[in-house]
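S.K.: One structure, as structure tokens, below. Some questions next.
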Amino acid sequence: MKHFTLEDFQGKMDSLYRLVLVAARRASQISRPETRSFVLTASRKPTMVALDEIIEGKVTYRTEDGDEEDFVE
């Protein structure tokens, strides 16, 4: 099993709370049969794939005021 540290996500999200929200939403998307991953990973678990995508910078988010980029789908 791959282990992540907080340093892996440094600069990717503005808070741990947002990291959890974005990873959960993306994992939910990945669990649908028609959705494909943006990265090659050894894991088949949607949560682990979502975290790999966040580390690689393939998944971003948008705040209500539109400051960040939207989810890439």
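Chain lettering (A, B, ...) mirrors the order of the structure tokens, residue numbering begins at 1 for each chain separately, and ligand numbering begins at 1 in order of display.
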Just want the 9 Å neighbourhood of Pro46 in chain A, counted on only C-alpha atoms, with same-chain residues fewer than 3 positions away dropped. Output as number ranges by chain.
M.R.: A: 24, 26-31, 43, 49-51
S.K.: List every residue of range 5-68 of chain A that DSSP, applied to the backbone of this structure, assigns to alpha helix (DSSP H), and report them as a list in words.
M.R.: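 Answer for range 5-68 of chain A, restricted to alpha helix (DSSP H): Leu16, Tyr17, Arg18, Leu19, Val20, Leu21, Val22, Ala23, Ala24, Arg25, Arg26, Ala27, Ser28, Gln29, Ile30, Pro46, Thr47, Met48, Val49, Ala50, Leu51, Asp52, Glu53, Ile54, Ile55 and Glu56 of chain A.
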S.K.: From the set A:Leu40, A:Ile55, A:Leu21, A:Thr47, which residue has the shortest atom-to-atom contact distance to Leu6 in chain A, counting only C-alpha atoms?
M.R.: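 Checking each of A:Leu40, A:Ile55, A:Leu21, A:Thr47 against Leu6 in chain A, counting only C-alpha atoms, the winner is A:Ile55.
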S.K.: Grab the CA of Arg36 in chain A to CA of Tyr61 in chain A distance for me, in Å with one decimal place.
M.R.: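 Interatomic distance here is 18.0 Å.
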S.K.: Skipping near chain neighbours, those fewer than 3 positions away, what residues fall within 12 Å of Met13 in chain A using only C-alpha atoms, listed as a PyMOL selection string?
M.R.: chain A and resi 6-10+16-23+51+54-55+57+59-63+68-69
